[in-house]
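Enquirer: Sharing model-v2.csv, CSV, C-alpha atoms:
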```
chain,number,residue,atom,x,y,z
A,1,MET,CA,0.0,0.0,0.0
A,2,ARG,CA,2.8,2.3,0.9
A,3,GLY,CA,4.4,1.7,-2.5
A,4,ARG,CA,1.2,2.7,-4.2
A,5,VAL,CA,1.0,5.9,-2.3
A,6,ILE,CA,4.6,6.8,-3.2
A,7,SER,CA,3.9,6.0,-6.9
A,8,ILE,CA,0.8,8.2,-6.9
A,9,ILE,CA,2.8,11.0,-5.3
A,10,ALA,CA,5.5,10.7,-7.9
A,11,ILE,CA,3.0,10.7,-10.8
A,12,CYS,CA,1.3,13.8,-9.3
A,13,GLY,CA,4.7,15.5,-9.0
A,14,ALA,CA,5.5,14.7,-12.6
A,15,LEU,CA,2.1,16.0,-13.8
A,16,LEU,CA,2.6,19.2,-11.7
A,17,SER,CA,6.0,19.8,-13.2
A,18,LEU,CA,4.5,19.3,-16.7
A,19,GLY,CA,1.8,21.7,-15.9
A,20,ILE,CA,4.2,24.3,-14.7
A,21,ALA,CA,6.5,23.9,-17.7
A,22,GLN,CA,3.5,24.3,-20.1
A,23,ALA,CA,2.3,27.3,-18.1
A,24,LEU,CA,5.8,28.9,-18.5
A,25,GLY,CA,5.8,28.2,-22.2
A,26,SER,CA,8.6,25.6,-22.1
A,27,SER,CA,8.3,22.0,-23.1
A,28,PRO,CA,9.0,19.0,-20.8
A,29,GLY,CA,12.7,18.3,-20.5
A,30,SER,CA,13.7,21.7,-21.9
A,31,VAL,CA,16.3,24.0,-20.3
A,32,SER,CA,15.6,27.7,-19.8
A,33,ALA,CA,18.1,30.5,-19.4
A,34,THR,CA,17.7,30.5,-15.6
A,35,ASP,CA,18.8,26.9,-15.5
A,36,ILE,CA,22.2,27.7,-17.1
A,37,GLN,CA,25.0,29.1,-15.0
A,38,THR,CA,27.1,31.9,-16.6
A,39,GLY,CA,30.1,30.4,-18.3
A,40,ALA,CA,28.8,26.8,-18.1
A,41,VAL,CA,28.4,26.4,-21.9
A,42,GLY,CA,31.6,26.1,-23.8
A,43,SER,CA,32.6,25.6,-27.4
A,44,ARG,CA,32.0,21.8,-27.4
A,45,ALA,CA,28.4,22.3,-26.2
A,46,ILE,CA,27.5,24.5,-29.2
A,47,GLN,CA,26.6,22.9,-32.5
A,48,ASP,CA,29.0,23.8,-35.3
A,49,ARG,CA,27.7,26.7,-37.6
A,50,SER,CA,24.6,27.2,-35.4
A,51,ILE,CA,25.6,30.7,-34.1
A,52,GLN,CA,24.4,33.5,-36.4
A,53,TYR,CA,25.6,37.1,-36.7
A,54,VAL,CA,22.5,38.3,-34.9
A,55,ASP,CA,23.2,36.0,-32.0
A,56,ILE,CA,26.4,37.8,-30.9
A,57,SER,CA,26.8,41.0,-29.0
A,58,ARG,CA,27.4,44.4,-30.7
A,59,GLN,CA,30.8,44.6,-29.2
A,60,LEU,CA,31.8,41.2,-30.7
A,61,ARG,CA,30.4,42.2,-34.0
A,62,GLY,CA,32.5,45.3,-34.0
A,63,ASP,CA,35.6,43.3,-33.0
A,64,LEU,CA,35.0,40.9,-36.0
A,65,GLU,CA,34.5,43.8,-38.4
A,66,VAL,CA,38.0,45.2,-37.8
A,67,GLN,CA,39.8,41.8,-37.9
A,68,GLY,CA,42.2,41.1,-40.7
A,69,LEU,CA,41.3,38.5,-43.4
A,70,GLN,CA,41.8,35.0,-42.1
A,71,ARG,CA,44.7,32.9,-43.6
A,72,GLY,CA,43.8,31.3,-46.9
A,73,ARG,CA,40.6,33.3,-47.5
A,74,THR,CA,40.1,35.4,-50.6
A,75,GLU,CA,38.2,38.7,-50.9
A,76,HIS,CA,37.1,40.5,-54.1
A,77,GLY,CA,36.2,43.9,-55.4
A,78,VAL,CA,36.3,46.3,-58.4
A,79,ILE,CA,38.7,49.0,-59.5
A,80,GLY,CA,39.2,51.3,-62.4
A,81,GLY,CA,38.4,54.8,-63.7
A,82,ASP,CA,37.0,56.7,-66.7
A,83,PHE,CA,38.5,60.1,-67.5
A,84,PRO,CA,38.3,62.6,-70.4
A,85,ALA,CA,41.1,62.7,-73.0
A,86,ILE,CA,40.0,65.5,-75.3
A,87,PRO,CA,42.5,66.9,-77.9
A,88,SER,CA,41.5,70.5,-77.3
A,89,GLY,CA,39.7,72.3,-74.5
A,90,PRO,CA,40.2,73.4,-70.9
A,91,SER,CA,43.7,72.9,-69.5
A,92,THR,CA,42.3,70.4,-66.9
A,93,GLU,CA,41.7,67.9,-69.8
A,94,CYS,CA,44.7,66.0,-70.8
A,95,PRO,CA,44.8,64.1,-74.1
A,96,ASN,CA,48.2,62.5,-74.2
A,97,ASN,CA,50.6,60.8,-71.8
A,98,CYS,CA,48.6,61.9,-68.8
A,99,SER,CA,48.7,60.0,-65.5
A,100,TRP,CA,45.5,58.4,-64.2
A,101,ALA,CA,44.8,56.1,-61.3
A,102,GLY,CA,42.0,54.2,-59.5
A,103,TYR,CA,42.1,53.2,-55.8
A,104,ALA,CA,40.6,50.3,-53.9
A,105,SER,CA,40.2,49.6,-50.2
A,106,LEU,CA,40.2,46.1,-48.8
A,107,PRO,CA,37.0,45.1,-46.9
A,108,PHE,CA,39.2,43.3,-44.4
A,109,SER,CA,42.8,44.4,-44.0
A,110,ALA,CA,45.6,42.4,-45.5
A,111,ARG,CA,47.7,40.2,-43.1
A,112,ALA,CA,50.8,42.0,-44.3
A,113,ALA,CA,51.3,45.4,-46.0
A,114,LEU,CA,50.9,45.4,-49.7
A,115,THR,CA,53.9,46.9,-51.6
A,116,ASP,CA,54.3,47.6,-55.3
A,117,ALA,CA,55.5,44.0,-55.8
A,118,ASP,CA,52.3,42.6,-54.3
A,119,VAL,CA,49.8,44.2,-56.7
A,120,LEU,CA,49.7,42.4,-60.0
A,121,VAL,CA,47.8,43.2,-63.2
A,122,ASP,CA,46.5,40.8,-65.9
A,123,ASN,CA,45.5,42.4,-69.2
A,124,THR,CA,44.8,39.1,-71.0
A,125,THR,CA,41.3,39.1,-69.6
A,126,TRP,CA,40.4,42.3,-71.5
A,127,ALA,CA,37.5,42.2,-74.0
A,128,CYS,CA,36.4,44.9,-76.4
A,129,GLY,CA,33.2,46.6,-75.4
A,130,ASP,CA,32.2,47.8,-78.8
A,131,ASN,CA,30.9,46.0,-81.9
A,132,PRO,CA,32.5,46.5,-84.3
A,133,CYS,CA,35.5,47.0,-82.0
A,134,ASP,CA,37.1,50.4,-82.0
A,135,GLN,CA,39.0,50.0,-78.7
A,136,THR,CA,42.6,49.1,-78.0
A,137,GLN,CA,43.7,46.6,-75.3
A,138,PRO,CA,45.5,48.3,-72.4
A,139,THR,CA,49.2,47.5,-72.3
A,140,LEU,CA,51.2,46.7,-69.2
A,141,ASN,CA,54.2,48.4,-67.6
A,142,SER,CA,57.3,46.2,-67.9
A,143,SER,CA,57.1,45.6,-64.1
A,144,GLU,CA,54.0,43.5,-64.8
A,145,SER,CA,55.6,41.2,-67.3
A,146,GLY,CA,55.1,38.1,-65.1
A,147,SER,CA,51.7,39.1,-63.7
A,148,PRO,CA,49.4,37.4,-66.3
A,149,ALA,CA,51.1,34.1,-65.6
A,150,ALA,CA,50.9,34.5,-61.8
A,151,CYS,CA,47.2,35.5,-61.9
A,152,THR,CA,45.3,32.4,-63.0
A,153,GLY,CA,41.8,33.5,-62.3
A,154,SER,CA,39.2,35.2,-64.6
A,155,ILE,CA,36.8,38.1,-64.6
A,156,ALA,CA,34.0,35.8,-63.4
A,157,THR,CA,36.2,34.0,-60.8
A,158,PRO,CA,39.1,36.2,-59.8
A,159,THR,CA,41.8,34.5,-57.7
A,160,ALA,CA,45.2,35.5,-56.4
A,161,PRO,CA,48.3,33.8,-55.0
A,162,ALA,CA,48.8,34.0,-51.2
A,163,GLY,CA,49.8,37.5,-50.1
A,164,LYS,CA,49.1,39.1,-53.5
A,165,VAL,CA,46.4,41.2,-55.2
A,166,CYS,CA,45.5,40.2,-58.8
A,167,ILE,CA,43.8,42.9,-60.9
A,168,TYR,CA,42.0,41.5,-64.0
A,169,ILE,CA,41.2,44.0,-66.7
A,170,ALA,CA,37.7,43.5,-68.1
A,171,GLY,CA,37.5,46.4,-70.4
A,172,GLY,CA,39.5,49.5,-71.3
A,173,ASP,CA,40.8,51.8,-74.0
A,174,ASN,CA,43.5,54.4,-74.6
A,175,ALA,CA,45.5,53.1,-71.6
A,176,ALA,CA,49.2,52.1,-71.5
A,177,ASP,CA,51.9,51.6,-68.9
A,178,VAL,CA,49.3,49.9,-66.7
A,179,ALA,CA,50.6,48.7,-63.3
A,180,GLY,CA,49.5,48.0,-59.7
A,181,TYR,CA,51.1,49.9,-56.8
A,182,SER,CA,51.0,50.4,-53.1
A,183,VAL,CA,49.2,53.5,-51.8
A,184,VAL,CA,52.3,54.4,-49.8
A,185,PRO,CA,55.1,56.1,-51.8
A,186,GLY,CA,58.5,54.5,-52.4
A,187,THR,CA,59.1,51.0,-51.0
A,188,GLY,CA,56.4,51.3,-48.3
A,189,GLY,CA,53.2,49.3,-48.2
A,190,SER,CA,49.7,49.4,-46.6
A,191,PRO,CA,47.4,46.6,-45.5
A,192,TYR,CA,44.3,48.7,-46.3
A,193,GLY,CA,44.3,49.1,-50.1
A,194,PHE,CA,46.2,49.5,-53.3
A,195,LYS,CA,46.3,51.5,-56.6
A,196,LEU,CA,45.9,50.9,-60.3
A,197,HIS,CA,47.9,53.3,-62.5
A,198,TRP,CA,48.0,54.0,-66.2
A,199,VAL,CA,48.7,56.8,-68.8
A,200,SER,CA,46.5,57.8,-71.7
A,201,THR,CA,48.1,57.5,-75.1
A,202,GLY,CA,45.9,59.9,-77.1
A,203,ALA,CA,42.4,61.2,-77.4
A,204,GLY,CA,41.0,57.7,-77.9
A,205,ASN,CA,38.1,56.8,-80.1
A,206,SER,CA,35.6,58.2,-77.6
A,207,ASN,CA,37.8,61.1,-76.3
A,208,ASN,CA,38.4,59.2,-73.0
A,209,THR,CA,40.7,56.8,-71.3
A,210,PHE,CA,39.3,54.1,-69.0
A,211,ILE,CA,39.9,50.8,-67.3
A,212,ASP,CA,37.3,48.6,-65.8
A,213,ALA,CA,38.6,45.7,-63.7
A,214,VAL,CA,38.0,43.3,-60.8
A,215,TRP,CA,40.5,42.1,-58.2
A,216,ALA,CA,41.2,39.4,-55.7
A,217,TYR,CA,43.4,39.2,-52.6
A,218,THR,CA,44.2,36.0,-50.8
A,219,ALA,CA,45.6,36.2,-47.2
A,220,PRO,CA,48.9,34.2,-46.7
```
Once more with this new file: its structure as C-alpha cells, please.
Expert:
Amino acid sequence: MRGRVISIIAICGALLSLGIAQALGSSPGSVSATDIQTGAVGSRAIQDRSIQYVDISRQLRGDLEVQGLQRGRTEHGVIGGDFPAIPSGPSTECPNNCSWAGYASLPFSARAALTDADVLVDNTTWACGDNPCDQTQPTLNSSESGSPAACTGSIATPTAPAGKVCIYIAGGDNAADVAGYSVVPGTGGSPYGFKLHWVSTGAGNSNNTFIDAVWAYTAP
C-alpha cells in the first residue's frame, strides 16, 4: 500500500512539473536561461555553424569587423576609372601621356602590408566593349611582365596567389603603362588598399581613357 502511495505522489509530482512547464511556455525536459550558470556552456556544447551574426553582441560584431582577413581566405572587389582625354579644351583635360589612377580599399585588412610588388595586373582578360570593336587593349608596364602568368583567375572568378592582389582588366581603351602599386610612396606598403595606375596615349576613339577591372586578394 505504501508503495502505491509513493507512486501516486511521484505521478502527481510529474504532472505538476509538466503543468508548470507548459504554463511557463517551455516543453518537458527543456532547459531555460535561468537553468544555465554563466560560463557553463563552452565551445564543445555548441553545434557547429549554429551561431548566427544576430546572436552575438554588438561589441563582438565590432571586433569581428576590424579583424584582418583569415589565412587562406580570398576577398574580391572592383577598381578602375574613366577620364576625359580631349584633344582641345580646358587645361584640366589631358589628351596624351597623362597619368591616371584608381584606388581600392580592402573590406578586411591584409595580413601584411601590400607593396608595389604585391599588386599584379593581368590584361589578357580584356575584352572589347564595342561591336565593331574600336577600342585598344590596355598595355602593361614592364614591371607587370610576369603578372598574367601569376594571376590564373578570370573576370568571373578572380583569384590571387597568397599575399598578392591580382587585378583582372575586363575592359579599357586608350591606356598604357598599366601597373599596380601600393598607396604608400617608395618602398612602403599598406594593408588597407592599393592603386591601379596608367597613362593615356591619345584622345582615344571616344575622347576618353578608361579601365574597368575586378580584383582578388588572398591572405597568406
Enquirer: At a cut-off of 9 Å, using all atoms listed in the file, what residues contact A:Arg111? Leave out same-chain residues fewer than 6 positions from it and give the result as a list in words.
Expert: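 The contact residues come out as Gly68, Leu69, Gln70, Arg71, Gly163, Pro191, Ala219 and Pro220 of chain A.
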Enquirer: If we count only C-alpha atoms and set the cut-off at 7 Å, which residues sit around A:Ile167, ignoring sequence neighbours fewer than 4 positions away in its own chain? Please answer as a ChimeraX atom specification.
Expert: /A:120-122,213-216
Enquirer: Output C-alpha atoms of each residue in that selection to a file, as a PDB file, in the coordinates of the input.
Expert:
```pdb
ATOM      1  CA  LEU A 120      49.700  42.400 -60.000  1.00  0.00           C
ATOM      2  CA  VAL A 121      47.800  43.200 -63.200  1.00  0.00           C
ATOM      3  CA  ASP A 122      46.500  40.800 -65.900  1.00  0.00           C
ATOM      4  CA  ALA A 213      38.600  45.700 -63.700  1.00  0.00           C
ATOM      5  CA  VAL A 214      38.000  43.300 -60.800  1.00  0.00           C
ATOM      6  CA  TRP A 215      40.500  42.100 -58.200  1.00  0.00           C
ATOM      7  CA  ALA A 216      41.200  39.400 -55.700  1.00  0.00           C
TER       8      ALA A 216
END
```
Enquirer: Looking at A:Trp100, A:Asp35, A:Tyr217, A:Arg58, which one is nearest to A:Ala162, with distances taken over all atoms listed in the file?
Expert: A:Tyr217
Enquirer: Out of A:Ala117, A:Ala112, A:Ala101, A:Cys151, which residue has the shortest atom-to-atom distance to A:Ala175 when counting all atoms listed in the file?
Expert: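 For A:Ala175, the nearest of the given residues is A:Ala101.
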Enquirer: Could the residues of stretch 80-145 of chain A that have an atom at most 10 Å from stretch 183-188 of chain A be listed as a tab-separated table, each with its closest atom pair and the distance in Å to one decimal, counting all atoms listed in the file and ordered by chain and ascending residue number?
Expert:
```
residue	atom	partner	partner_atom	distance
A:Tyr103	CA	A:Val183	CA	8.2
A:Ala104	CA	A:Val183	CA	9.4
A:Ser105	CA	A:Val183	CA	9.9
A:Ala113	CA	A:Gly188	CA	8.1
A:Leu114	CA	A:Gly188	CA	8.2
A:Thr115	CA	A:Gly188	CA	6.0
A:Asp116	CA	A:Thr187	CA	7.3
A:Ala117	CA	A:Thr187	CA	9.2
```
Enquirer: As an exercise, work out the distance from atom CA of A:Ala85 to atom CA of A:Pro138 in Å and give it to one decimal place.
Expert: 15.1 Å
Enquirer: Which one is closest to A:Ser147: A:Ala179, A:Cys128, A:Ala170, A:Val54? Count all atoms listed in the file.
Expert: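 Smallest separation from A:Ser147 among the options: A:Ala179.
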